[in-house]
Amino acid sequence: MIERNVMDKFTINDLNLYYGDFHALKSVNLHLPAKEITAFIGPSGCGKSTLLKTLNRMNDLVEGCKITGQVMLDGGDIYAPKTDVNLLRRNVGMVFQKPNPFPMSIFDNVAYGPRTHGIRSKLELEEIVEKSLRDAAIWDELKDRLKKSALGLSGGQQQRLCIARALAVDPEVLLMDEATSALDPISTSKIEDLVLELKEKYTIIMVTHNMQQALRISDNTAFFLLGEVIEYDKTDKLFSVPSNKKTEDYITGRFG
Amino acid sequence: MNKLSAYKGRPGSLALRIMVDLSAALTVLVLVALVGYILYKGIPNLHLDLFQWTYTTDNVSMMPAIINTLTITFCSLLVAVPFGVFSAVYLVEYAGRGNKLVKVIRLTTETLSGIPSIIYGLFGFLFFVVALGWSYSILAGIMTLAIMILPLIMRTTEEALKAVPDTYREGSFGLGAGKLRTVFKVVLPSAVPGILAGVILGVGRIVGETAALIYTAGTVTGVASSLLSSGRTLSVHMYALLSEGLYMDQAYATAVVLLIMVIIINAISSLVAKKVAGKAA
Amino acid sequence: MNNSFKEKAMQLVFLLAACASIIAVILICVFMFGNGIPAMSKIGIVNFLTGTLWEPFADVYGILPMIVGSIYVTVGAIIIGVPVGIFCAAYMARFCGPLQYKVLKPAIDLLAGIPSIVYGFFGLVVIVPIMKDIFGTSGKGILTASIMLGIMILPTIITVSESAIRAVPESYYEGSLALGATHERSVFATLIPAAKSGITAAVILGVGRAIGETLAVSMIIGNQAIMPDSILSGARTMTTNIVLEMGYATGIHRQALIATGVVLFAFILIINLLFTLIKERSARNE
């Protein structure tokens, strides 16, 4: 059991999500602690990515997507009519499954967010870019080629650049949607190390289909099946003594 | 999503949104103004006189011009379609990868499609009218327009052929059919809607063409009695009416007929396009 | 045996058909240059290209006013047509619902299909009187022609830009939204820059269409063969020069008109070349 806490970053109450007629999330209740790493695991199509995308409302882009229930961020309902979606997404950054740097220079990629939010001073931008790249542990590799196109980087570098880009707008939460699934093992382990460091300052919620990864770096794990949260607990506990039979079947490999 | 409050504190986004909406509205408005104005002024001027079989300075009939337009359109297609389709067949079905000739053909096709109609008109005049001695004749106009729409037919046919799945070809070869048989019995038939789309675009271009015809097919008012006699198409007829300056009412009426033709051609074209898209899906 | 002969024969037929476009381009070049170059050398190529007087009755042929006229109206058309066209393309690709698209798409196809003579007529009976009222001039001139051409190149700009914007990967757009950018900023700061080579190609096609347009321009530009001194003054383009005088010109006058066509042709070839280069570059980038 993970105790509810006033310091929880996200509190999800009885959340249902439909894509047209398809009931993709079924009365989900979760509370995600601040400055910890929470992993969502489960077989493909179980709703883990869908839930992640409700947290920064990227699901708004999907036609026919309907939501009932509550998603509270720091006590405020992010689906309330008065919510400023752009502000929400600024506070809740996202890293995608496939690295998606913009077709512009490395500098401009990282500066894109700050510029979006009105920072124009070159000096200030340079500071932010350097700090973000340092936080993403990629400054040393890239500092001499900031003016070069981001598309020339390797996949792993691109993904860390995307993390830097997300950090540059100073978010509180970082959502990672299978952020290492397209990368080689070395790049993956670099990003895992990075995520462990980032937890000092950020709340991190990650979707992964790699159970080893969840076990290695997350504090809490939620196991999803067919749109439902089957079990949610401390990672050590969930992987060693799962309380649900289905969880046990999954982590011991019966679902594949 | 479009609520005004979403733009609070984001004047740049609001400004962009306004520009985008205005531009789209402006584009539609221009079309509505153009079509509306011409229909409004032109329809009252559509008299039966304008559709008599022979042209006189009294009736200023556009019927001969309509007949010439049909003749020229039909004959230009008769020349351009076989050439266009066959070249596309060569490019898609026969030419090997990295073929030098293909590169040259692509370059010349692109060049042809970029040449403005007045240059086609000049060329047609120099070559067909003067050098070949055809004088102002609908034949000279036909040949000029055939060259003009050739790249269009080629390109659309090429795309249509490329869209034919390789499994069709393999299936035909697998039954022991030769290449030629495969092309004519399997590949071309399934590319027909795409080719048709190109043909319709070509018709649209021919119907609207003026500059390439004034100095090739000439501006004679009657129905061309043979391929070697001169005759004006409807667009050229309208140009002639305007340059004489005496027939504004008739010009409005001609514009209405031209517009209606274009609207019909476009409607057919989008129908065919839907069919092509439906087939692809 | 018989079959293989048929195969070979038809292959030859296809090959010959494919050469039609090559032959056409060669013929066009031979007849244009063959008739134009002698005229240019007779007049003197420098005199011809830089002469500011066009007086056929005095056998003085300078086409600088027409070159300038063509460039002015083309630039004007671009200034008017390109922004509207790109914004409209953005609207179609990223802002409008399916219902608006169903209206807009055929509207733009229709704009593309309207014959230039009808555009010219509309310009003559609607735009010219409006310009006359506003500026107190004859109403015909560079600005009027630019507005008309700006409208005429819209379908080209919109169609090509729209497909360029649609070709940009969705992940760029999502990446931008996820950083808290608005929909508008995401479209204009990521999608449109990423589509820039396609949009440039659209603009070049528009330039080609504007510089080559003849009849619509001839009806509303005034056609004075003089150096224009303001955007309101009348002017003549290379295309209108040809269409206006070809009907009665003979001898060197006619050759000078053909030479005008050659200069226009050279402009078009350069534009085509630019277009090809940009297309190749964007194909490489993909």
# chains A, B, ... in the order shown; residues from 1 in each chain; ligands from 1
>>> residues_around(residues="segment 228-235 of chain B", least_positions_apart="3", cutoff="9 Å", atoms="only C-alpha atoms", output="PyMOL selection string")
(chain B and resi 62-70+72+134-141+207-210+213-214+216-225+238-240+254-255+257-258) or (chain C and resi 115-118)
>>> select_by_dssp(residues="segment 34-209 of chain A", states="helix (DSSP H, G or I)", output="PyMOL selection string")
chain A and resi 48-55+58-61+85-91+106-116+122-135+139-145+150-152+155-167+185-198
>>> closest_atom_pairs(of="chain A", to="chain C", cutoff="6 Å", atoms="only C-alpha atoms", output="JSON lines")
{"residue": "A:Asn86", "atom": "CA", "partner": "C:Gly180", "partner_atom": "CA", "distance": 4.2}
{"residue": "A:Leu87", "atom": "CA", "partner": "C:Gly180", "partner_atom": "CA", "distance": 5.9}
{"residue": "A:Arg89", "atom": "CA", "partner": "C:Gly180", "partner_atom": "CA", "distance": 4.5}
{"residue": "A:Arg90", "atom": "CA", "partner": "C:Gly180", "partner_atom": "CA", "distance": 4.4}
{"residue": "A:Met94", "atom": "CA", "partner": "C:Ala178", "partner_atom": "CA", "distance": 5.9}
{"residue": "A:Asn100", "atom": "CA", "partner": "C:Ser171", "partner_atom": "CA", "distance": 6.0}
{"residue": "A:Phe102", "atom": "CA", "partner": "C:Tyr172", "partner_atom": "CA", "distance": 5.9}
{"residue": "A:Gly113", "atom": "CA", "partner": "C:Leu179", "partner_atom": "CA", "distance": 5.7}
{"residue": "A:Thr116", "atom": "CA", "partner": "C:Ala181", "partner_atom": "CA", "distance": 5.9}
>>> closest_atom_pairs(of="chain B", to="chain C", cutoff="7 Å", atoms="only C-alpha atoms", output="tab-separated table")
residue	atom	partner	partner_atom	distance
B:Ser13	CA	C:Glu184	CA	5.4
B:Leu16	CA	C:Glu184	CA	6.5
B:Arg17	CA	C:Glu184	CA	6.6
B:Met19	CA	C:Phe87	CA	6.8
B:Val20	CA	C:Phe87	CA	4.8
B:Asp21	CA	C:Tyr91	CA	6.9
B:Ser23	CA	C:Val84	CA	5.1
B:Ala24	CA	C:Cys88	CA	4.7
B:Val28	CA	C:Ala107	CA	6.6
B:Leu31	CA	C:Leu111	CA	6.5
B:Leu34	CA	C:Phe122	CA	6.7
B:Phe83	CA	C:Ala17	CA	5.1
B:Phe86	CA	C:Phe14	CA	5.1
B:Ser87	CA	C:Ala18	CA	3.8
B:Val89	CA	C:Phe14	CA	6.8
B:Tyr90	CA	C:Phe14	CA	5.3
B:Ile105	CA	C:Ile22	CA	6.1
B:Thr108	CA	C:Ile22	CA	5.7
B:Thr109	CA	C:Ser21	CA	5.9
B:Thr111	CA	C:Asn272	CA	6.5
B:Leu112	CA	C:Val25	CA	6.8
B:Gly114	CA	C:Asn272	CA	6.5
B:Ile115	CA	C:Ile268	CA	6.7
B:Pro116	CA	C:Gly212	CA	4.9
B:Ile118	CA	C:Thr239	CA	6.7
B:Ile119	CA	C:Gly261	CA	6.3
B:Phe123	CA	C:Ile28	CA	6.0
B:Leu126	CA	C:Phe31	CA	6.7
B:Phe127	CA	C:Phe31	CA	6.9
B:Leu180	CA	C:Glu7	CA	6.0
B:Gly204	CA	C:Gly113	CA	6.5
B:Gly208	CA	C:Pro115	CA	4.2
B:Glu209	CA	C:Pro115	CA	6.7
B:Ala211	CA	C:Leu215	CA	6.7
B:Ser235	CA	C:Ile117	CA	6.7
B:Tyr239	CA	C:Ile117	CA	6.6
B:Ala255	CA	C:Val118	CA	6.1
B:Leu259	CA	C:Ile114	CA	6.7
B:Val262	CA	C:Gly113	CA	6.2
B:Ile263	CA	C:Leu110	CA	6.8
B:Asn266	CA	C:Leu110	CA	6.7
>>> residues_around(residues="Phe239 of chain A", least_positions_apart="3", cutoff="10 Å", atoms="only C-alpha atoms", output="PyMOL selection string")
chain A and resi 211-212+214-215+221+233-236+242-243+247-248+251-252
>>> write_last_selection(atoms="C-alpha atoms", output="tab-separated table (two decimals), in the first residue's frame")
chain	number	residue	atom	x	y	z
A	211	MET	CA	9.93	-4.67	-16.28
A	212	GLN	CA	13.64	-4.74	-15.48
A	214	ALA	CA	10.75	-0.45	-13.76
A	215	LEU	CA	12.41	-2.58	-11.13
A	221	THR	CA	4.76	0.70	-9.82
A	233	ASP	CA	2.42	-0.50	-4.71
A	234	LYS	CA	6.03	0.16	-3.81
A	235	THR	CA	8.10	-1.29	-6.62
A	236	ASP	CA	10.06	-3.67	-4.34
A	242	PRO	CA	2.54	-9.14	-5.48
A	243	SER	CA	-0.81	-9.29	-3.81
A	247	THR	CA	0.27	-9.22	-11.32
A	248	GLU	CA	2.22	-12.26	-10.38
A	251	ILE	CA	5.77	-10.27	-13.81
A	252	THR	CA	6.69	-13.89	-13.98
>>> interface_residues(of="chain B", to="chain A", cutoff="10 Å", atoms="only C-alpha atoms", output="list in words")
Met1, Ser5, Ala6, Tyr7, Lys8 and Arg10 of chain B
>>> residues_around(residues="Leu46 of chain B", least_positions_apart="2", cutoff="9 Å", atoms="only C-alpha atoms", output="VMD selection string")
chain B and resid 42 to 44 48 to 51 249 to 250 252 to 254 256 to 257
>>> residues_around(residues="Asn91 of chain A", least_positions_apart="5", cutoff="9 Å", atoms="only C-alpha atoms", output="PyMOL selection string")
(chain A and resi 56+86+169-174) or (chain C and resi 179-180)
>>> atom_distance(atom1="atom CA of Val110 of chain A", atom2="atom CA of Ser181 of chain A")
22.4 Å
>>> select_by_dssp(residues="segment 89-152 of chain A", states="strand (DSSP E)", output="list in words")
Val92, Gly93, Met94 and Val95 of chain A
>>> decode(residues="segment 73-121 of chain C", atoms="N, CA and C atoms", output="compact mmCIF listing (two decimals), in the first residue's frame")
# COMPACT_ATOMS: atom_id res chain seq x y z
N VAL C 73 5.24 43.33 -61.44
CA VAL C 73 3.95 42.67 -61.16
C VAL C 73 4.15 41.32 -60.49
N THR C 74 5.26 40.65 -60.83
CA THR C 74 5.51 39.35 -60.20
C THR C 74 5.80 39.52 -58.72
N VAL C 75 6.67 40.49 -58.41
CA VAL C 75 6.97 40.75 -57.00
C VAL C 75 5.69 41.16 -56.27
N GLY C 76 4.91 42.01 -56.92
CA GLY C 76 3.65 42.45 -56.31
C GLY C 76 2.73 41.27 -56.03
N ALA C 77 2.64 40.38 -57.02
CA ALA C 77 1.77 39.21 -56.86
C ALA C 77 2.24 38.35 -55.70
N ILE C 78 3.56 38.23 -55.57
CA ILE C 78 4.11 37.41 -54.48
C ILE C 78 3.81 38.05 -53.13
N ILE C 79 4.01 39.38 -53.07
CA ILE C 79 3.76 40.07 -51.79
C ILE C 79 2.31 39.89 -51.37
N ILE C 80 1.41 39.94 -52.34
CA ILE C 80 -0.01 39.82 -52.01
C ILE C 80 -0.43 38.36 -51.84
N GLY C 81 0.02 37.51 -52.76
CA GLY C 81 -0.50 36.14 -52.78
C GLY C 81 0.14 35.20 -51.78
N VAL C 82 1.45 35.37 -51.51
CA VAL C 82 2.13 34.37 -50.70
C VAL C 82 1.67 34.35 -49.24
N PRO C 83 1.61 35.51 -48.56
CA PRO C 83 1.15 35.42 -47.16
C PRO C 83 -0.26 34.86 -47.06
N VAL C 84 -1.16 35.38 -47.86
CA VAL C 84 -2.54 34.89 -47.80
C VAL C 84 -2.56 33.39 -48.11
N GLY C 85 -1.79 32.99 -49.11
CA GLY C 85 -1.76 31.59 -49.51
C GLY C 85 -1.24 30.69 -48.41
N ILE C 86 -0.16 31.10 -47.75
CA ILE C 86 0.41 30.25 -46.70
C ILE C 86 -0.52 30.17 -45.50
N PHE C 87 -1.08 31.32 -45.11
CA PHE C 87 -2.03 31.29 -44.00
C PHE C 87 -3.23 30.40 -44.34
N CYS C 88 -3.69 30.50 -45.58
CA CYS C 88 -4.84 29.70 -45.96
C CYS C 88 -4.48 28.22 -45.98
N ALA C 89 -3.26 27.91 -46.44
CA ALA C 89 -2.81 26.52 -46.44
C ALA C 89 -2.74 26.00 -45.00
N ALA C 90 -2.24 26.84 -44.09
CA ALA C 90 -2.17 26.44 -42.68
C ALA C 90 -3.57 26.18 -42.16
N TYR C 91 -4.51 27.03 -42.57
CA TYR C 91 -5.90 26.85 -42.16
C TYR C 91 -6.41 25.49 -42.60
N MET C 92 -6.14 25.18 -43.86
CA MET C 92 -6.67 23.93 -44.40
C MET C 92 -6.00 22.70 -43.79
N ALA C 93 -4.70 22.82 -43.55
CA ALA C 93 -3.98 21.65 -43.05
C ALA C 93 -4.17 21.46 -41.55
N ARG C 94 -4.36 22.56 -40.80
CA ARG C 94 -4.25 22.45 -39.37
C ARG C 94 -5.32 23.13 -38.53
N PHE C 95 -6.14 23.95 -39.15
CA PHE C 95 -7.10 24.69 -38.33
C PHE C 95 -8.55 24.30 -38.57
N CYS C 96 -8.87 23.95 -39.81
CA CYS C 96 -10.30 23.84 -40.10
C CYS C 96 -10.83 22.45 -39.83
N GLY C 97 -12.12 22.37 -39.60
CA GLY C 97 -12.78 21.08 -39.44
C GLY C 97 -13.09 20.49 -40.80
N PRO C 98 -13.56 19.26 -40.81
CA PRO C 98 -13.85 18.59 -42.09
C PRO C 98 -14.91 19.34 -42.91
N LEU C 99 -15.82 20.00 -42.21
CA LEU C 99 -16.88 20.70 -42.92
C LEU C 99 -16.32 21.88 -43.72
N GLN C 100 -15.51 22.71 -43.03
CA GLN C 100 -14.91 23.85 -43.72
C GLN C 100 -14.02 23.37 -44.87
N TYR C 101 -13.33 22.25 -44.62
CA TYR C 101 -12.44 21.74 -45.66
C TYR C 101 -13.24 21.37 -46.90
N LYS C 102 -14.41 20.79 -46.67
CA LYS C 102 -15.25 20.38 -47.79
C LYS C 102 -15.70 21.56 -48.64
N VAL C 103 -15.77 22.73 -48.02
CA VAL C 103 -16.13 23.93 -48.77
C VAL C 103 -14.90 24.51 -49.45
N LEU C 104 -13.82 24.58 -48.68
CA LEU C 104 -12.64 25.30 -49.13
C LEU C 104 -11.92 24.59 -50.27
N LYS C 105 -11.83 23.27 -50.17
CA LYS C 105 -11.04 22.53 -51.16
C LYS C 105 -11.60 22.71 -52.58
N PRO C 106 -12.90 22.46 -52.78
CA PRO C 106 -13.43 22.70 -54.15
C PRO C 106 -13.36 24.16 -54.54
N ALA C 107 -13.48 25.06 -53.56
CA ALA C 107 -13.39 26.49 -53.89
C ALA C 107 -12.02 26.78 -54.49
N ILE C 108 -10.99 26.21 -53.89
CA ILE C 108 -9.64 26.49 -54.39
C ILE C 108 -9.39 25.80 -55.73
N ASP C 109 -9.95 24.61 -55.89
CA ASP C 109 -9.85 23.95 -57.20
C ASP C 109 -10.53 24.78 -58.28
N LEU C 110 -11.64 25.38 -57.90
CA LEU C 110 -12.37 26.20 -58.87
C LEU C 110 -11.56 27.46 -59.22
N LEU C 111 -10.96 28.08 -58.18
CA LEU C 111 -10.09 29.24 -58.43
C LEU C 111 -9.00 28.87 -59.42
N ALA C 112 -8.47 27.64 -59.28
CA ALA C 112 -7.40 27.20 -60.16
C ALA C 112 -7.90 26.97 -61.58
N GLY C 113 -9.19 26.63 -61.70
CA GLY C 113 -9.70 26.27 -63.01
C GLY C 113 -10.26 27.44 -63.81
N ILE C 114 -10.51 28.56 -63.15
CA ILE C 114 -11.11 29.69 -63.86
C ILE C 114 -10.14 30.20 -64.92
N PRO C 115 -10.61 30.34 -66.16
CA PRO C 115 -9.71 30.77 -67.24
C PRO C 115 -9.15 32.17 -66.99
N SER C 116 -7.94 32.40 -67.46
CA SER C 116 -7.33 33.70 -67.18
C SER C 116 -8.10 34.84 -67.84
N ILE C 117 -8.76 34.53 -68.95
CA ILE C 117 -9.53 35.59 -69.61
C ILE C 117 -10.67 36.06 -68.70
N VAL C 118 -11.24 35.11 -67.91
CA VAL C 118 -12.32 35.49 -67.00
C VAL C 118 -11.76 36.31 -65.84
N TYR C 119 -10.59 35.92 -65.35
CA TYR C 119 -9.94 36.75 -64.33
C TYR C 119 -9.70 38.16 -64.85
N GLY C 120 -9.17 38.23 -66.06
CA GLY C 120 -8.88 39.54 -66.64
C GLY C 120 -10.14 40.39 -66.75
N PHE C 121 -11.18 39.74 -67.17
CA PHE C 121 -12.47 40.42 -67.33
C PHE C 121 -12.95 40.95 -65.98
